[in-house]
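Shown here: work-v3.txt, compact mmCIF, C-alpha atoms.
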# COMPACT_ATOMS: atom_id res chain seq x y z
CA MET N 1 5.11 5.68 13.63
CA ARG N 2 8.06 5.64 11.27
CA ARG N 3 11.60 6.53 12.17
CA SER N 4 12.32 10.07 11.06
CA GLN N 5 15.26 12.39 10.81
CA THR N 6 15.22 16.15 10.36
CA ILE N 7 17.99 17.79 8.39
CA SER N 8 18.50 21.51 8.88
CA LEU N 9 20.91 23.92 7.26
CA PHE N 10 21.60 27.61 6.84
CA ILE N 11 21.51 29.08 3.33
CA ASP N 12 23.15 32.45 2.76
CA CYS N 13 20.38 33.67 0.49
CA PRO N 14 17.45 35.94 1.41
CA TYR N 15 14.35 34.09 2.56
CA ALA N 16 12.08 35.66 -0.08
CA VAL N 17 14.42 34.57 -2.87
CA ALA N 18 14.82 31.05 -1.49
CA TYR N 19 11.08 30.61 -0.94
CA ARG N 20 10.12 31.98 -4.37
CA PHE N 21 12.56 29.61 -6.05
CA LEU N 22 11.62 26.51 -4.07
CA ALA N 23 7.85 27.11 -4.17
CA ASP N 24 7.80 27.05 -7.97
CA PRO N 25 7.32 23.44 -9.12
CA ARG N 26 9.10 24.29 -12.37
CA ASN N 27 12.35 24.60 -10.40
CA TYR N 28 12.09 21.21 -8.70
CA GLY N 29 14.19 19.56 -11.40
CA GLU N 30 17.03 22.00 -10.62
CA TRP N 31 17.70 20.57 -7.18
CA ALA N 32 15.85 17.29 -6.64
CA ALA N 33 16.76 13.84 -7.88
CA VAL N 34 14.58 13.90 -10.98
CA GLU N 35 15.66 13.77 -14.63
CA LYS N 36 15.08 17.24 -16.00
CA LYS N 37 14.17 16.19 -19.51
CA THR N 38 11.37 13.86 -18.37
CA TYR N 39 9.96 16.29 -15.80
CA ARG N 40 6.64 17.86 -16.85
CA PRO N 41 3.30 19.14 -15.50
CA LEU N 42 0.13 17.03 -15.59
CA VAL N 43 -3.42 18.28 -16.14
CA ASN N 44 -4.44 17.73 -12.48
CA GLY N 45 -1.74 20.08 -11.17
CA ASP N 46 0.69 17.30 -10.23
CA TRP N 47 4.00 16.81 -12.03
CA GLU N 48 5.71 13.68 -13.26
CA GLY N 49 9.27 12.69 -13.95
CA MET N 50 11.85 9.91 -13.96
CA THR N 51 13.62 9.62 -10.60
CA ASP N 52 17.12 8.45 -9.81
CA ILE N 53 15.71 5.83 -7.45
CA GLY N 54 14.23 4.10 -10.47
CA GLY N 55 11.03 4.71 -12.28
CA MET N 56 8.43 7.28 -13.04
CA ARG N 57 6.97 9.14 -10.08
CA HIS N 58 4.34 11.79 -9.62
CA PHE N 59 4.98 14.90 -7.56
CA ARG N 60 2.56 17.10 -5.66
CA PHE N 61 3.45 20.41 -4.01
CA SER N 62 2.06 22.54 -1.16
CA PRO N 63 0.03 25.56 -2.26
CA VAL N 64 1.82 28.90 -2.01
CA ASN N 65 1.65 30.13 1.61
CA ASP N 66 3.01 32.71 4.04
CA PHE N 67 4.75 30.20 6.31
CA GLY N 68 7.54 29.00 4.03
CA VAL N 69 5.97 25.52 3.99
CA LEU N 70 7.30 23.54 1.02
CA ASP N 71 5.95 20.05 1.60
CA HIS N 72 5.95 17.81 -1.40
CA ALA N 73 4.80 14.30 -2.11
CA VAL N 74 6.58 11.82 -4.35
CA PHE N 75 4.50 8.81 -5.26
CA VAL N 76 3.85 6.01 -7.71
CA PRO N 77 0.85 7.06 -9.86
CA GLY N 78 -2.34 5.72 -8.29
CA GLU N 79 -0.77 5.11 -4.89
CA GLN N 80 -1.19 7.16 -1.72
CA PRO N 81 1.07 10.25 -1.80
CA LEU N 82 3.82 10.12 0.84
CA TRP N 83 4.37 13.70 1.96
CA THR N 84 7.80 14.99 2.80
CA PRO N 85 7.74 17.94 5.19
CA MET N 86 10.02 20.83 4.30
CA ARG N 87 10.11 24.45 5.36
CA VAL N 88 12.23 27.55 4.92
CA MET N 89 12.42 30.22 7.63
CA PRO N 90 13.95 33.69 7.62
CA ASN N 91 17.17 34.21 9.57
CA GLU N 92 18.26 37.84 9.20
CA GLU N 93 19.64 38.13 5.63
CA GLY N 94 19.62 34.38 5.16
CA THR N 95 17.40 31.32 5.35
CA GLU N 96 17.09 28.24 7.53
CA LEU N 97 15.84 25.11 5.80
CA ALA N 98 14.39 22.09 7.61
CA PHE N 99 13.57 18.82 5.91
CA THR N 100 12.19 15.69 7.57
CA PHE N 101 12.77 12.30 6.01
CA TYR N 102 10.82 9.20 7.02
CA GLN N 103 12.05 5.65 6.87
CA ARG N 104 10.13 4.08 4.00
CA PRO N 105 8.32 0.74 4.45
CA GLY N 106 10.80 -2.05 3.79
CA MET N 107 13.78 0.27 4.18
CA GLY N 108 16.48 -1.10 6.48
CA ASP N 109 18.40 1.03 8.96
CA GLU N 110 21.51 1.07 6.78
CA GLU N 111 19.51 2.08 3.77
CA PHE N 112 17.88 4.82 5.82
CA ALA N 113 21.26 6.15 6.93
CA SER N 114 22.51 6.07 3.35
CA ALA N 115 19.37 7.88 2.12
CA ILE N 116 19.99 10.62 4.72
CA GLU N 117 23.52 11.03 3.37
CA TRP N 118 22.27 11.33 -0.20
CA ILE N 119 19.64 13.84 0.78
CA THR N 120 22.15 15.88 2.76
CA THR N 121 24.33 16.02 -0.36
CA ASP N 122 21.33 17.17 -2.41
CA PHE N 123 20.69 19.96 0.06
CA LEU N 124 24.32 21.06 0.04
CA THR N 125 24.01 21.29 -3.74
CA LEU N 126 20.84 23.33 -3.34
CA LYS N 127 22.59 25.55 -0.79
CA ALA N 128 25.48 26.23 -3.18
CA PHE N 129 23.03 26.86 -6.02
CA LEU N 130 20.96 29.38 -4.06
CA GLU N 131 24.01 31.11 -2.61
CA THR N 132 25.39 31.65 -6.11
CA ARG N 133 22.06 32.84 -7.39
CA ARG N 134 21.03 35.03 -4.42
CA ARG N 135 19.27 37.90 -6.15
CA MET L 1 23.16 35.32 10.46
CA LEU L 2 21.83 34.34 13.87
CA LYS L 3 22.61 30.94 15.31
CA ALA L 4 19.72 28.51 14.92
CA ARG L 5 19.11 25.10 16.40
CA THR L 6 16.45 22.56 15.48
CA LEU L 7 15.07 20.12 18.04
CA THR L 8 12.59 17.40 17.18
CA VAL L 9 10.34 15.27 19.33
CA GLU L 10 8.16 12.37 18.28
CA ILE L 11 4.74 12.19 19.89
CA ALA L 12 2.57 9.08 19.59
CA ARG L 13 -0.65 11.07 19.07
CA PRO L 14 -2.27 12.30 15.84
CA PRO L 15 -1.04 15.72 14.64
CA GLU L 16 -4.59 17.14 14.84
CA VAL L 17 -4.69 16.39 18.59
CA VAL L 18 -1.26 17.89 19.28
CA TYR L 19 -2.00 20.97 17.18
CA LYS L 20 -5.38 21.54 18.81
CA PHE L 21 -3.73 21.50 22.23
CA LEU L 22 -0.83 23.77 21.34
CA VAL L 23 -2.77 26.31 19.30
CA ASP L 24 -4.74 27.32 22.40
CA PRO L 25 -2.55 29.84 24.30
CA ALA L 26 -4.36 28.98 27.55
CA ASN L 27 -2.74 25.53 27.47
CA LEU L 28 0.83 26.86 27.59
CA ALA L 29 0.49 27.26 31.35
CA GLY L 30 -0.13 23.53 31.78
CA TRP L 31 3.32 22.26 30.81
CA THR L 32 5.82 25.12 30.96
CA MET L 33 7.11 27.41 33.72
CA VAL L 34 4.51 30.11 33.06
CA VAL L 35 1.11 30.45 34.72
CA ASN L 36 -1.98 32.62 34.61
CA GLY L 37 -2.29 33.21 30.86
CA ARG L 38 -4.50 36.04 29.62
CA PRO L 39 -4.97 37.66 26.20
CA GLU L 40 -3.06 40.91 25.71
CA PRO L 41 -4.79 42.43 22.66
CA SER L 42 -2.86 45.70 22.97
CA ALA L 43 0.32 43.77 22.06
CA GLY L 44 -1.12 42.01 19.00
CA PRO L 45 -4.07 39.92 17.83
CA ASN L 46 -2.48 36.66 19.03
CA SER L 47 -0.50 37.91 22.00
CA TRP L 48 -0.87 36.60 25.55
CA ALA L 49 0.69 37.60 28.85
CA TYR L 50 1.82 35.06 31.50
CA ASP L 51 3.42 35.19 34.89
CA GLY L 52 6.87 33.62 34.70
CA PRO L 53 9.55 32.92 37.29
CA ARG L 54 11.06 36.35 36.55
CA GLY L 55 7.95 38.45 35.99
CA THR L 56 5.53 39.02 33.14
CA VAL L 57 6.26 37.40 29.81
CA LEU L 58 4.48 38.35 26.60
CA VAL L 59 4.14 35.64 23.98
CA HIS L 60 3.22 36.45 20.39
CA PHE L 61 1.68 33.42 18.68
CA THR L 62 0.94 32.59 15.04
CA ALA L 63 -2.72 32.76 14.04
CA PRO L 64 -4.39 29.33 13.62
CA ASN L 65 -3.58 27.93 10.20
CA PRO L 66 -4.01 24.76 8.12
CA PHE L 67 -0.24 24.12 8.00
CA PHE L 68 -0.02 23.48 11.77
CA VAL L 69 2.62 26.17 12.09
CA LEU L 70 3.09 27.38 15.68
CA ASP L 71 5.84 30.00 15.49
CA TYR L 72 6.16 32.27 18.51
CA ARG L 73 8.19 35.11 20.03
CA MET L 74 8.65 35.69 23.75
CA GLN L 75 9.13 39.17 25.04
CA VAL L 76 10.15 40.55 28.43
CA GLY L 77 9.80 44.32 28.59
CA PRO L 78 10.83 45.68 25.19
CA GLN L 79 13.21 42.82 24.40
CA VAL L 80 12.47 39.65 22.42
CA ILE L 81 14.29 37.02 24.46
CA HIS L 82 13.31 33.96 22.48
CA ALA L 83 11.90 33.26 19.02
CA ALA L 84 11.20 29.94 17.39
CA PHE L 85 9.70 28.35 14.31
CA VAL L 86 7.54 25.39 15.25
CA ARG L 87 5.71 22.91 13.14
CA ILE L 88 3.56 19.88 13.76
CA ILE L 89 4.02 17.28 11.05
CA ARG L 90 2.33 13.99 10.39
CA ASN L 91 4.17 10.71 10.83
CA GLY L 92 1.65 7.97 10.14
CA ALA L 93 -0.75 8.04 13.10
CA GLY L 94 1.76 10.05 15.13
CA THR L 95 3.42 13.43 15.14
CA VAL L 96 6.84 14.93 14.73
CA LEU L 97 7.25 18.36 16.27
CA THR L 98 10.12 20.43 14.91
CA HIS L 99 11.30 23.41 16.93
CA THR L 100 13.89 25.77 15.47
CA SER L 101 15.15 28.39 17.91
CA VAL L 102 16.92 31.44 16.59
CA GLN L 103 19.40 33.06 18.97
CA GLN L 104 18.19 36.61 19.48
CA PRO L 105 20.54 39.60 19.43
CA LEU L 106 21.63 40.32 23.03
CA VAL L 107 21.18 36.67 24.04
CA SER L 108 24.63 35.24 24.87
CA ASP L 109 25.86 31.89 23.53
CA GLN L 110 25.80 30.51 27.04
CA MET L 111 22.22 31.64 27.63
CA PHE L 112 21.14 30.24 24.29
CA ALA L 113 22.70 26.86 25.06
CA SER L 114 21.03 26.74 28.45
CA GLU L 115 17.68 27.76 26.94
CA GLU L 116 17.95 24.92 24.45
CA GLU L 117 18.48 22.45 27.27
CA TRP L 118 15.37 23.77 28.97
CA MET L 119 13.50 23.57 25.70
CA GLU L 120 14.50 19.96 25.23
CA SER L 121 13.09 19.01 28.63
CA ASP L 122 9.95 21.09 28.03
CA LEU L 123 9.35 19.17 24.81
CA LEU L 124 9.72 15.86 26.65
CA VAL L 125 7.18 17.07 29.21
CA LEU L 126 4.84 17.92 26.33
CA LYS L 127 5.40 14.46 24.85
CA SER L 128 4.49 12.63 28.05
CA LEU L 129 1.51 14.92 28.64
CA MET L 130 0.18 14.21 25.15
CA GLU L 131 0.83 10.48 25.30
CA ARG L 132 -0.72 10.04 28.74

Could the structure of this file be written out as structure tokens, please?
Amino acid sequence: MRRSQTISLFIDCPYAVAYRFLADPRNYGEWAAVEKKTYRPLVNGDWEGMTDIGGMRHFRFSPVNDFGVLDHAVFVPGEQPLWTPMRVMPNEEGTELAFTFYQRPGMGDEEFASAIEWITTDFLTLKAFLETRRR
Amino acid sequence: MLKARTLTVEIARPPEVVYKFLVDPANLAGWTMVVNGRPEPSAGPNSWAYDGPRGTVLVHFTAPNPFFVLDYRMQVGPQVIHAAFVRIIRNGAGTVLTHTSVQQPLVSDQMFASEEEWMESDLLVLKSLMER
């Protein structure tokens, strides 16, 4: 079993708005570490794009569902998708978001800690984005 | 905005095994303070009643689903005293359980904090039960 850490945060944006935005793969480039201009859909339903961590990756997303589940996999084409669990949950007029990050094979503890910091920053950006947008 | 707190526990068993155990409301009596579970269809399609230390507790569960979501609400009389979002996620051959409690209106900060401590020990009981 890999080391894992779950990040959770409150977003002052209605659950339905947050879910609708995050569940649409077209919006992934707005908040995740992927270059927007290279990000595009593939014929099999996956997406591809250039990532900040270096290189082209494919992306696969959870089907639309009633549970707020927003798992997505980022993987090197042809390799086994590594799923990242993510979920949004209603909290009165706002939304709770939970995201679990796994220590990648070959990733040291320091690198893991640094990755968590980067991801936390990404989510704070997403939080600000959704709170501005909240419609 | 209600206060929310997320707890996680790692369980060295496949997610399918952990989910199969937890999705059956009858099993709740095996590792928590409640006993004598029985379906309570008048309260909802996935609602069960249990005898707890302070009387009857109604628990409303989530219907079985492919996402391994196990959200629930606990009710005593007319009042929801506890509600949580729960998910079983895969971590290689093991499982991560995430449990997000949302402090219900009328539940004091002190009660919520104490509940979370209980929850943490319940989850550790679940872990050892599953890994046994």

Identify every residue of chain N that has at least one atom within 8 Å of any atom of chain L, counting all atoms listed in the file, and report the result as a PDB file with C-alpha atoms, keeping the file's coordinate frame.
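Produced file part-v3.pdb, reproduced below:
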ATOM      1  CA  MET N   1       5.110   5.680  13.630  1.00  0.00           C
ATOM      2  CA  ARG N   2       8.060   5.640  11.270  1.00  0.00           C
ATOM      3  CA  THR N   6      15.220  16.150  10.360  1.00  0.00           C
ATOM      4  CA  SER N   8      18.500  21.510   8.880  1.00  0.00           C
ATOM      5  CA  PHE N  67       4.750  30.200   6.310  1.00  0.00           C
ATOM      6  CA  VAL N  69       5.970  25.520   3.990  1.00  0.00           C
ATOM      7  CA  PRO N  85       7.740  17.940   5.190  1.00  0.00           C
ATOM      8  CA  MET N  89      12.420  30.220   7.630  1.00  0.00           C
ATOM      9  CA  ASN N  91      17.170  34.210   9.570  1.00  0.00           C
ATOM     10  CA  GLU N  92      18.260  37.840   9.200  1.00  0.00           C
ATOM     11  CA  GLU N  93      19.640  38.130   5.630  1.00  0.00           C
ATOM     12  CA  GLY N  94      19.620  34.380   5.160  1.00  0.00           C
ATOM     13  CA  GLU N  96      17.090  28.240   7.530  1.00  0.00           C
ATOM     14  CA  TYR N 102      10.820   9.200   7.020  1.00  0.00           C
TER      15      TYR N 102
END

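With only C-alpha atoms taken into account, the protein and nucleic acid residues at most 8 Å from range 122-132 of chain N (excluding it and anything under 6 positions from it in its own chain) are Phe10, Ile11, Asp12, Cys13, Ala18, Trp31, Ala32 and Ala33 of chain N.
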
| request: Could you give me, as a PyMOL selection string, the residues within 10 Å of range 61-66 of chain N, counting only C-alpha atoms and dropping anything in the same chain fewer than 4 positions from it? | output: (chain N and resi 19-20+23-25+28+45-47+70-74+83-86) or (chain L and resi 67)

| field | Distance criterion (only C-alpha atoms): nearest to Tyr15 in chain N out of N:Arg60, N:Leu82, N:Pro90, N:Phe99 | value |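 Checking each of N:Arg60, N:Leu82, N:Pro90, N:Phe99 against Tyr15 in chain N, counting only C-alpha atoms, the winner is N:Pro90.
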
| message | For a test of reading the model, state the distance in Å between CA of Ser101 in chain L and CA of Ala49 in chain L, rounded to one decimal. | response | 20.3 Å

| request: Excluding Gly78 in chain N and residues on its chain fewer than 3 positions from it, collect all residues at most 12 Å away from it, counting all atoms listed in the file, and give them as a PyMOL selection string. | output: chain N and resi 56-59+74-75+81-82

| said: Between CA of Glu30 in chain N and CA of Val86 in chain L, what distance in Å does the model show, to one decimal? | reply: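 Straight-line distance from CA of Glu30 in chain N to CA of Val86 in chain L works out to 27.8 Å.
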
| task | For CA of Ser42 in chain L and CA of Gly68 in chain N, quote the distance in Å rounded to one decimal. | result |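 Computing it gives 27.3 Å between the two atoms.
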
| task | With only C-alpha atoms counted, which protein, DNA or RNA residues have an atom no more than 12 Å from (15.0, 40.4, 28.3) in the file frame? Please answer as a ChimeraX atom specification. | result | /L:54-58,73-82,104-108,111

C-alpha atoms of the current selection, written as a compact mmCIF listing (two decimals), in the coordinates of the input:
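To be explicit, this is the file written out as part.txt:
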# COMPACT_ATOMS: atom_id res chain seq x y z
CA ARG L 54 11.06 36.35 36.55
CA GLY L 55 7.95 38.45 35.99
CA THR L 56 5.53 39.02 33.14
CA VAL L 57 6.26 37.40 29.81
CA LEU L 58 4.48 38.35 26.60
CA ARG L 73 8.19 35.11 20.03
CA MET L 74 8.65 35.69 23.75
CA GLN L 75 9.13 39.17 25.04
CA VAL L 76 10.15 40.55 28.43
CA GLY L 77 9.80 44.32 28.59
CA PRO L 78 10.83 45.68 25.19
CA GLN L 79 13.21 42.82 24.40
CA VAL L 80 12.47 39.65 22.42
CA ILE L 81 14.29 37.02 24.46
CA HIS L 82 13.31 33.96 22.48
CA GLN L 104 18.19 36.61 19.48
CA PRO L 105 20.54 39.60 19.43
CA LEU L 106 21.63 40.32 23.03
CA VAL L 107 21.18 36.67 24.04
CA SER L 108 24.63 35.24 24.87
CA MET L 111 22.22 31.64 27.63

| task | Considering only C-alpha atoms, state which residue in the set N:Pro14, N:Pro77, N:Phe112, N:Pro41 is at the smallest distance from Asn27 in chain N. | result |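 Once distances to Asn27 in chain N are computed over only C-alpha atoms, the minimum belongs to N:Pro41.
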
| Distance query Phe101 in chain N at most 9 Å, all atoms listed in the file, self and fewer than 6 positions along chain excluded, as a list in words |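 Surrounding residues, per the criterion: Arg3, Ser4, Gln5, Thr6, Ile7, Thr84, Pro85, Ala115, Ile116 and Ile119 of chain N.
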
| task | Kindly provide, as JSON, numbers by chain, the polymer residues lying within 9 Å of (0.0, 29.6, 23.0), counting only C-alpha atoms and using the coordinates exactly as they appear in the file. | result | {"L": [21, 22, 23, 24, 25, 26, 27, 28, 29, 37, 46, 47, 48, 59, 60, 61, 62, 70, 72]}
